[in-house]
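Reproduced below: entry_37.cif, with mmCIF, C-alpha atoms.
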```cif
data_model
#
loop_
_atom_site.label_atom_id
_atom_site.label_comp_id
_atom_site.auth_asym_id
_atom_site.auth_seq_id
_atom_site.Cartn_x
_atom_site.Cartn_y
_atom_site.Cartn_z
CA MET F 941 0.00 0.00 0.00
CA THR F 942 1.01 3.62 -0.01
CA LEU F 943 -0.38 7.07 0.57
CA VAL F 944 -3.91 6.39 -0.65
CA LEU F 945 -5.11 9.98 -0.39
CA ASN F 946 -3.36 13.33 -0.71
CA ARG F 947 -5.86 15.77 0.75
CA ILE F 948 -6.14 19.53 1.12
CA ASP F 949 -8.35 20.20 4.13
CA ASP F 950 -8.17 23.31 6.30
CA ARG F 951 -9.60 21.35 9.22
CA LEU F 952 -6.64 18.94 8.91
CA ILE F 953 -7.46 15.85 10.98
CA HIS F 954 -11.18 15.63 11.72
CA GLY F 955 -14.15 13.29 11.42
CA GLN F 956 -14.22 12.96 7.64
CA VAL F 957 -10.53 12.11 7.55
CA VAL F 958 -10.37 9.73 10.49
CA VAL F 959 -13.74 8.02 10.11
CA GLY F 960 -15.05 8.88 6.63
CA TRP F 961 -11.87 7.94 4.77
CA GLY F 962 -9.87 6.25 7.48
CA GLN F 963 -12.20 3.36 8.20
CA PRO F 964 -13.10 2.21 4.67
CA LEU F 965 -9.50 2.54 3.51
CA ASP F 966 -8.20 0.86 6.67
CA VAL F 967 -5.80 3.76 7.12
CA ARG F 968 -3.00 3.10 9.60
CA PHE F 969 -1.20 6.42 9.52
CA ILE F 970 -1.79 10.07 8.71
CA VAL F 971 0.97 12.38 7.53
CA LEU F 972 0.01 15.90 8.59
CA VAL F 973 2.07 18.52 6.77
CA ASP F 974 1.64 21.96 8.28
CA ASP F 975 4.32 24.41 9.39
CA THR F 976 2.37 25.67 12.40
CA VAL F 977 1.45 22.24 13.72
CA ALA F 978 4.96 20.93 13.09
CA GLY F 979 6.29 23.63 15.40
CA SER F 980 3.86 23.12 18.27
CA ASP F 981 3.82 20.19 20.69
CA TRP F 982 0.41 21.31 21.94
CA GLU F 983 -1.11 21.26 18.44
CA GLN F 984 0.39 17.84 17.76
CA GLU F 985 -1.09 16.44 20.95
CA LEU F 986 -4.46 17.90 19.99
CA TYR F 987 -4.44 16.05 16.67
CA ARG F 988 -3.13 12.83 18.19
CA MET F 989 -6.04 12.93 20.60
CA GLY F 990 -8.44 12.80 17.66
CA VAL F 991 -7.30 9.53 16.16
CA PRO F 992 -7.87 5.98 17.38
CA PRO F 993 -4.91 4.18 19.00
CA GLU F 994 -4.29 1.97 15.97
CA MET F 995 -3.74 5.04 13.77
CA GLU F 996 -0.40 6.82 13.88
CA VAL F 997 0.10 10.51 13.09
CA ARG F 998 3.35 11.90 11.71
CA PHE F 999 4.00 15.64 11.63
CA HIS F 1000 6.18 17.54 9.18
CA SER F 1001 6.75 21.06 7.99
CA ALA F 1002 6.35 21.50 4.23
CA ASP F 1003 10.11 21.67 3.68
CA ASP F 1004 10.73 18.62 5.81
CA ALA F 1005 7.95 16.55 4.25
CA VAL F 1006 9.56 16.74 0.82
CA HIS F 1007 12.29 14.42 2.10
CA HIS F 1008 9.96 11.84 3.64
CA LEU F 1009 7.13 11.17 1.20
CA ASP F 1010 8.97 8.46 -0.75
CA ALA F 1011 9.43 6.52 2.47
CA TYR F 1012 5.74 6.89 3.34
CA ARG F 1013 4.76 5.66 -0.12
CA ALA F 1014 6.88 2.57 0.47
CA GLN F 1015 5.05 1.67 3.69
CA ALA F 1016 3.20 -1.64 3.67
CA GLU F 1017 0.06 -0.15 5.17
CA PRO F 1018 -2.21 2.58 3.76
CA GLY F 1019 -1.85 6.17 4.87
CA ILE F 1020 -3.34 9.61 4.22
CA LEU F 1021 -1.41 12.80 3.54
CA VAL F 1022 -3.12 16.00 4.69
CA THR F 1023 -2.19 19.64 4.15
CA GLY F 1024 -4.16 22.62 5.42
CA ASP F 1025 -3.75 24.75 2.31
CA ILE F 1026 -3.05 24.70 -1.41
CA ALA F 1027 0.41 26.27 -1.12
CA THR F 1028 1.69 23.42 1.04
CA MET F 1029 0.30 20.82 -1.35
CA ARG F 1030 1.85 22.71 -4.25
CA LYS F 1031 5.27 22.21 -2.71
CA LEU F 1032 4.64 18.48 -2.40
CA VAL F 1033 3.38 18.23 -5.97
CA ALA F 1034 6.34 20.19 -7.33
CA SER F 1035 9.07 18.56 -5.22
CA ALA F 1036 7.83 15.33 -3.68
CA GLY F 1037 6.03 13.45 -6.43
CA VAL F 1038 2.41 13.90 -5.41
CA ARG F 1039 0.34 13.11 -8.52
CA GLU F 1040 -3.23 13.01 -7.25
CA VAL F 1041 -4.74 15.75 -5.13
CA ASN F 1042 -8.03 15.55 -3.27
CA VAL F 1043 -9.64 18.88 -2.38
CA GLY F 1044 -11.48 17.81 0.74
CA GLY F 1045 -12.30 21.02 2.55
CA ILE F 1046 -11.51 24.68 1.97
CA HIS F 1047 -14.09 26.54 3.98
CA HIS F 1048 -15.64 29.98 4.10
CA ARG F 1049 -13.46 33.03 4.51
CA ALA F 1050 -13.89 36.65 3.41
CA GLY F 1051 -13.12 36.99 -0.29
CA ARG F 1052 -13.82 33.37 -1.13
CA VAL F 1053 -16.62 32.24 -3.44
CA GLN F 1054 -18.52 29.02 -2.72
CA HIS F 1055 -18.01 26.35 -5.38
CA LEU F 1056 -19.23 23.29 -3.51
CA ARG F 1057 -20.70 22.80 -0.06
CA TYR F 1058 -17.21 22.28 1.27
CA VAL F 1059 -15.06 24.29 -1.16
CA PHE F 1060 -14.75 28.08 -1.12
CA LEU F 1061 -12.01 29.71 -3.21
CA THR F 1062 -10.55 33.12 -3.98
CA ALA F 1063 -9.56 33.88 -7.56
CA ALA F 1064 -5.92 33.36 -6.57
CA GLU F 1065 -6.74 29.96 -5.06
CA GLN F 1066 -8.50 28.94 -8.26
CA GLU F 1067 -5.32 29.73 -10.13
CA SER F 1068 -3.27 27.82 -7.55
CA LEU F 1069 -5.37 24.71 -8.14
CA ARG F 1070 -4.90 25.08 -11.90
CA GLU F 1071 -1.20 25.31 -11.25
CA LEU F 1072 -1.26 21.97 -9.41
CA ALA F 1073 -2.78 20.46 -12.53
CA SER F 1074 -0.21 22.11 -14.77
CA LEU F 1075 2.49 20.53 -12.60
CA GLY F 1076 1.07 17.13 -13.44
CA ALA F 1077 -1.36 16.40 -10.61
CA VAL F 1078 -4.89 15.12 -11.13
CA VAL F 1079 -7.00 17.41 -8.97
CA THR F 1080 -10.51 16.48 -7.87
CA ALA F 1081 -12.84 17.60 -5.09
CA GLN F 1082 -14.46 14.96 -2.90
CA ASP F 1083 -15.31 15.30 0.77
CA VAL F 1084 -16.08 11.65 1.56
CA PRO F 1085 -15.56 8.34 -0.30
CA ALA F 1086 -19.25 7.90 -1.09
CA ALA F 1087 -19.40 11.25 -2.89
CA ARG F 1088 -18.54 11.75 -6.55
CA ALA F 1089 -15.05 13.03 -7.32
CA VAL F 1090 -15.61 16.40 -9.00
CA PRO F 1091 -13.02 17.15 -11.70
CA LEU F 1092 -11.05 20.38 -11.37
CA GLU F 1093 -12.65 22.31 -14.22
CA GLU F 1094 -16.13 21.37 -13.01
CA LEU F 1095 -15.16 22.44 -9.51
CA LEU F 1096 -13.91 25.81 -10.70
CA THR F 1097 -17.01 26.52 -12.78
CA SER F 1098 -19.45 25.31 -10.12
CA ARG F 1099 -21.22 27.86 -7.95
CA GLU F 1100 -23.29 27.05 -4.93
CA VAL F 1101 -25.44 29.44 -2.95
CA ALA F 1102 -25.17 28.93 0.80
CA MET Z 142 -39.48 27.70 35.77
CA SER Z 143 -42.65 29.63 35.10
CA GLU Z 144 -44.33 29.20 31.76
CA GLY Z 145 -43.04 31.58 29.11
CA ALA Z 146 -39.94 32.65 31.07
CA PRO Z 147 -36.73 32.34 29.08
CA GLU Z 148 -34.73 29.30 30.07
CA VAL Z 149 -31.22 29.84 31.32
CA LYS Z 150 -28.75 28.41 28.87
CA ARG Z 151 -26.48 25.76 30.36
CA ALA Z 152 -24.47 24.27 27.48
CA LEU Z 153 -23.58 24.33 23.80
CA VAL Z 154 -24.09 21.30 21.58
CA ALA Z 155 -21.92 21.20 18.47
CA GLY Z 156 -21.26 18.60 15.81
CA HIS Z 157 -21.42 17.56 12.21
CA ALA Z 158 -24.24 18.68 9.91
CA ASP Z 159 -27.55 18.85 11.86
CA PHE Z 160 -26.32 16.77 14.78
CA ALA Z 161 -27.01 19.50 17.34
CA ALA Z 162 -30.41 20.50 15.98
CA GLY Z 163 -31.46 16.86 15.76
CA LEU Z 164 -30.45 16.03 19.31
CA LEU Z 165 -32.04 19.20 20.67
CA SER Z 166 -35.26 18.37 18.87
CA ALA Z 167 -35.29 14.97 20.56
CA VAL Z 168 -34.38 16.45 23.95
CA GLU Z 169 -37.21 18.97 23.64
CA MET Z 170 -39.72 16.31 22.62
CA ILE Z 171 -38.85 14.05 25.53
CA SER Z 172 -38.18 16.52 28.30
CA GLY Z 173 -39.44 19.93 27.24
CA ARG Z 174 -36.03 21.21 28.31
CA GLY Z 175 -34.32 21.62 24.95
CA GLY Z 176 -34.18 25.36 25.53
CA VAL Z 177 -31.32 25.10 28.00
CA LEU Z 178 -29.06 23.90 25.20
CA ILE Z 179 -27.69 26.02 22.37
CA PRO Z 180 -27.25 24.21 19.03
CA ILE Z 181 -24.17 25.10 17.02
CA GLN Z 182 -24.12 24.52 13.25
CA VAL Z 183 -20.67 24.63 11.65
CA THR Z 184 -21.18 23.47 8.06
CA GLY Z 185 -18.97 25.50 5.72
CA LEU Z 186 -16.80 26.95 8.51
CA CYS Z 187 -13.06 26.49 8.79
CA GLY Z 188 -11.52 25.42 12.11
CA GLY Z 189 -10.68 28.99 13.13
CA ASP Z 190 -14.22 30.17 12.52
CA ILE Z 191 -15.65 27.26 14.50
CA GLU Z 192 -13.39 28.18 17.41
CA ALA Z 193 -14.47 31.84 17.19
CA LEU Z 194 -18.16 30.86 17.04
CA LEU Z 195 -17.87 28.62 20.09
CA LYS Z 196 -15.99 31.25 22.05
CA ARG Z 197 -18.40 34.02 21.13
CA THR Z 198 -21.46 31.92 22.01
CA LEU Z 199 -19.99 30.86 25.35
CA GLU Z 200 -19.36 34.50 26.23
CA GLU Z 201 -22.75 35.73 25.02
CA HIS Z 202 -24.63 33.24 27.17
CA GLY Z 203 -22.23 32.88 30.10
CA VAL Z 204 -22.04 29.16 29.42
CA ARG Z 205 -19.08 26.95 30.33
CA VAL Z 206 -20.07 23.47 29.07
CA ILE Z 207 -19.71 22.19 25.50
CA PHE Z 208 -21.01 18.85 24.21
CA THR Z 209 -19.60 17.62 20.87
CA ASP Z 210 -20.11 14.55 18.73
CA LEU Z 211 -16.84 12.94 17.62
CA GLN Z 212 -13.59 13.08 19.51
CA ALA Z 213 -11.83 13.51 16.15
CA GLY Z 214 -14.34 16.09 14.93
CA SER Z 215 -13.66 19.72 14.08
CA CYS Z 216 -15.95 20.94 16.85
CA THR Z 217 -14.02 18.95 19.44
CA MET Z 218 -10.73 20.27 18.10
CA ALA Z 219 -12.06 23.83 18.17
CA ALA Z 220 -13.45 23.38 21.67
CA ARG Z 221 -10.06 22.13 22.88
CA ARG Z 222 -8.53 25.33 21.52
CA VAL Z 223 -11.20 27.39 23.31
CA GLN Z 224 -10.33 25.60 26.54
CA ARG Z 225 -6.79 26.80 26.13
CA GLU Z 226 -7.97 30.42 26.07
CA VAL Z 227 -10.97 30.42 28.37
CA ALA Z 228 -10.56 29.07 31.88
CA GLY Z 229 -13.13 26.71 33.33
CA VAL Z 230 -14.65 25.39 30.12
CA VAL Z 231 -15.69 21.73 30.27
CA LEU Z 232 -15.84 19.70 27.07
CA VAL Z 233 -17.71 16.41 26.77
CA ALA Z 234 -16.98 14.64 23.46
CA GLY Z 235 -19.15 11.77 22.24
CA ALA Z 236 -22.52 13.23 23.23
CA ASN Z 237 -25.66 11.15 22.85
CA LEU Z 238 -29.34 11.53 23.69
CA PRO Z 239 -29.29 9.85 27.14
CA MET Z 240 -26.38 12.07 28.09
CA LEU Z 241 -28.12 15.29 27.13
CA LEU Z 242 -31.36 14.24 28.78
CA ASP Z 243 -29.50 13.60 32.01
CA PHE Z 244 -27.88 17.01 31.73
CA VAL Z 245 -31.02 19.04 31.02
CA LEU Z 246 -32.99 17.26 33.75
CA SER Z 247 -30.25 17.64 36.34
CA ARG Z 248 -31.21 19.67 39.40
CA ASP Z 249 -27.58 20.29 40.19
CA ASP Z 250 -26.82 24.03 40.13
CA ASP Z 251 -23.22 23.13 39.45
CA VAL Z 252 -23.22 22.72 35.67
CA VAL Z 253 -19.80 21.09 35.69
CA ALA Z 254 -21.01 18.43 38.10
CA ALA Z 255 -24.11 18.01 35.95
CA ALA Z 256 -21.93 17.57 32.86
CA MET Z 257 -19.80 14.95 34.61
CA SER Z 258 -22.89 13.05 35.69
CA ALA Z 259 -24.32 13.29 32.18
CA ALA Z 260 -21.10 11.94 30.69
CA ASP Z 261 -21.36 8.90 32.96
CA LYS Z 262 -24.99 8.43 31.96
CA GLY Z 263 -24.17 8.63 28.26
CA ARG Z 264 -21.24 6.26 28.60
CA GLY Z 265 -23.37 3.68 30.36
CA SER Z 266 -26.39 3.94 28.11
CA VAL Z 267 -25.15 1.78 25.24
CA ASN Z 268 -26.56 -1.73 25.19
CA VAL Z 269 -26.73 -4.45 22.59
CA PHE Z 270 -29.74 -6.75 22.39
CA GLY Z 271 -29.76 -9.94 20.42
CA GLY Z 272 -26.95 -11.00 18.08
CA PRO Z 273 -25.81 -14.15 16.30
CA ALA Z 274 -27.86 -17.21 17.24
#
```

Please express what this file holds, its structure, as structure tokens.
Amino acid sequence: MTLVLNRIDDRLIHGQVVVGWGQPLDVRFIVLVDDTVAGSDWEQELYRMGVPPEMEVRFHSADDAVHHLDAYRAQAEPGILVTGDIATMRKLVASAGVREVNVGGIHHRAGRVQHLRYVFLTAAEQESLRELASLGAVVTAQDVPAARAVPLEELLTSREVA
Amino acid sequence: MSEGAPEVKRALVAGHADFAAGLLSAVEMISGRGGVLIPIQVTGLCGGDIEALLKRTLEEHGVRVIFTDLQAGSCTMAARRVQREVAGVVLVAGANLPMLLDFVLSRDDDVVAAAMSAADKGRGSVNVFGGPA
């Protein structure tokens, strides 16, 4: 097995990740790539608290993660990679071989437009997602496994009214 | 409490989708005491906004108890962050209907003690009947 999901989710580790994806995929580890969390023992403990004992969580800054993803892909058991923003995932696409990107949750913030129930983007973030694709990644939006994977262009042209 | 008087709020209930509204509806139907709970809906909010919403609602109502659904859920994570900033906040993760009923029907003026008792009630209220022959 390998990293079975490379997810952008501003909530990082939460119910959809641990239960929604984690249980059906039998996920045994989560790689959380976030500069703030990587620098805070308290934040790391908070996220560890949220996962069941059989699931391990590894923390890396974006720069550090680039050097570890090959090893995670070589693991025998399935894992999930999570970043909290597009910029962090961009670094992993450009420098660490990530080829499939799941947009799992980018939530409301001033200046963002709602595309799906769980995806809100600024114009700059739309361009950033296009850039991931231009770097060779297949980008889709999908919050949970039972939902349809929405292709990037459909995501960017979709509009949803809250 | 006299009829028509506003009920004093005693706790927030927060969780995925309509979890809070659904539980409060059931609490109200069974006990008539759903009004002491404040439902929190977080669909579409990022973690920081959930934290801000919880903190603001606690302050507005002078409440110090939060019930959430999943231990791994965003509301629980946000509530843990609120606890770091606001002293005396009690978080009970894994809320269920028996737990909330125990809480709203508690005569204990100490809401923290009531929350502890409710947590015990909720923990002990799961039973399995039947099974493989």

Quiz prompt | Contact set, chain Z to chain F: 9 Å, only C-alpha atoms, as a PyMOL selection string | solution = chain Z and resi 157+184-190+211-218+221-222

Go ahead and write the selection's residues with C-alpha atoms as a PDB file, in the frame of the given file.
```pdb
ATOM      1  CA  HIS Z 157     -21.420  17.560  12.210  1.00  0.00           C
ATOM      2  CA  THR Z 184     -21.180  23.470   8.060  1.00  0.00           C
ATOM      3  CA  GLY Z 185     -18.970  25.500   5.720  1.00  0.00           C
ATOM      4  CA  LEU Z 186     -16.800  26.950   8.510  1.00  0.00           C
ATOM      5  CA  CYS Z 187     -13.060  26.490   8.790  1.00  0.00           C
ATOM      6  CA  GLY Z 188     -11.520  25.420  12.110  1.00  0.00           C
ATOM      7  CA  GLY Z 189     -10.680  28.990  13.130  1.00  0.00           C
ATOM      8  CA  ASP Z 190     -14.220  30.170  12.520  1.00  0.00           C
ATOM      9  CA  LEU Z 211     -16.840  12.940  17.620  1.00  0.00           C
ATOM     10  CA  GLN Z 212     -13.590  13.080  19.510  1.00  0.00           C
ATOM     11  CA  ALA Z 213     -11.830  13.510  16.150  1.00  0.00           C
ATOM     12  CA  GLY Z 214     -14.340  16.090  14.930  1.00  0.00           C
ATOM     13  CA  SER Z 215     -13.660  19.720  14.080  1.00  0.00           C
ATOM     14  CA  CYS Z 216     -15.950  20.940  16.850  1.00  0.00           C
ATOM     15  CA  THR Z 217     -14.020  18.950  19.440  1.00  0.00           C
ATOM     16  CA  MET Z 218     -10.730  20.270  18.100  1.00  0.00           C
ATOM     17  CA  ARG Z 221     -10.060  22.130  22.880  1.00  0.00           C
ATOM     18  CA  ARG Z 222      -8.530  25.330  21.520  1.00  0.00           C
TER      19      ARG Z 222
END
```

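The interatomic distance for the pair atom CA of Ile181 of chain Z and atom CA of Val154 of chain Z works out to 5.9 Å.
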
Quiz item: Residues picked by the PyMOL selection byres ((chain Z and resi 235-238) around 8) here, as a list in words?
Solution: Leu164, Ala167, Val168, Phe208, Thr209, Asp210, Leu211, Gln212, Val233, Ala234, Pro239, Met240, Leu241, Leu242, Ala260 and Gly263 of chain Z

Give, as lines of an AutoDock Vina configuration file, the centre coordinates and the x, y and z edge lengths in Å to one decimal for an axis-aligned box around all listed atoms of segment 958-964 of chain F, padded by 3 Å on each side.
```
center_x = -12.5
center_y = 6.0
center_z = 7.6
size_x = 11.2
size_y = 13.5
size_z = 11.8
```

Contacts of segment 194-206 of chain Z at 7 Å (all atoms listed in the file; same-chain gap of 3+ positions) as a PDB file with C-alpha atoms, keeping the file's coordinate frame:
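Saved file part01.pdb follows:
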```
ATOM      1  CA  LYS Z 150     -28.750  28.410  28.870  1.00  0.00           C
ATOM      2  CA  ARG Z 151     -26.480  25.760  30.360  1.00  0.00           C
ATOM      3  CA  ALA Z 152     -24.470  24.270  27.480  1.00  0.00           C
ATOM      4  CA  LEU Z 153     -23.580  24.330  23.800  1.00  0.00           C
ATOM      5  CA  ASP Z 190     -14.220  30.170  12.520  1.00  0.00           C
ATOM      6  CA  ILE Z 191     -15.650  27.260  14.500  1.00  0.00           C
ATOM      7  CA  VAL Z 223     -11.200  27.390  23.310  1.00  0.00           C
ATOM      8  CA  GLY Z 229     -13.130  26.710  33.330  1.00  0.00           C
ATOM      9  CA  VAL Z 230     -14.650  25.390  30.120  1.00  0.00           C
ATOM     10  CA  VAL Z 231     -15.690  21.730  30.270  1.00  0.00           C
ATOM     11  CA  LEU Z 232     -15.840  19.700  27.070  1.00  0.00           C
TER      12      LEU Z 232
END
```

Exercise. List the residues selected by the PyMOL selection byres ((chain F and resi 1001) around 8) in the file shown, writing them as a PyMOL selection string.
Key: chain F and resi 973-979+999-1000+1002-1005

May I have the residues within 12 Å of Asp1010 of chain F as a PDB file with C-alpha atoms, in the frame of the given file, using all atoms listed in the file and disregarding those fewer than 4 positions away in the same chain?
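New file selection-v7.pdb:
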```
ATOM      1  CA  THR F 942       1.010   3.620  -0.010  1.00  0.00           C
ATOM      2  CA  LEU F 943      -0.380   7.070   0.570  1.00  0.00           C
ATOM      3  CA  ALA F1005       7.950  16.550   4.250  1.00  0.00           C
ATOM      4  CA  VAL F1006       9.560  16.740   0.820  1.00  0.00           C
ATOM      5  CA  ALA F1014       6.880   2.570   0.470  1.00  0.00           C
ATOM      6  CA  GLN F1015       5.050   1.670   3.690  1.00  0.00           C
ATOM      7  CA  LEU F1032       4.640  18.480  -2.400  1.00  0.00           C
ATOM      8  CA  SER F1035       9.070  18.560  -5.220  1.00  0.00           C
ATOM      9  CA  ALA F1036       7.830  15.330  -3.680  1.00  0.00           C
ATOM     10  CA  GLY F1037       6.030  13.450  -6.430  1.00  0.00           C
ATOM     11  CA  VAL F1038       2.410  13.900  -5.410  1.00  0.00           C
TER      12      VAL F1038
END
```

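Straight-line separation from atom CA of Leu1092 of chain F to atom CA of Ala1064 of chain F: 14.8 Å.
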
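Applied to the file shown here, the PyMOL selection byres ((chain Z and resi 246) around 10) selects Val168, Ser172, Gly173, Arg174, Gly175, Val177, Leu241, Leu242, Asp243, Phe244, Val245, Ser247, Arg248, Asp249, Ala255 and Ala259 of chain Z.
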
Self-check item: Atom-to-atom span, atom CA of Ala155 of chain Z and atom CA of Ile207 of chain Z, Å
Solution: 7.4 Å

Exercise. Write out as a ChimeraX atom specification each polymer residue whose atoms come within 10 Å of Gly1019 of chain F, counting only C-alpha atoms; drop sequence neighbours fewer than 6 positions from it.
Key: /F:941-946,962,965-971,995-997,1012-1013
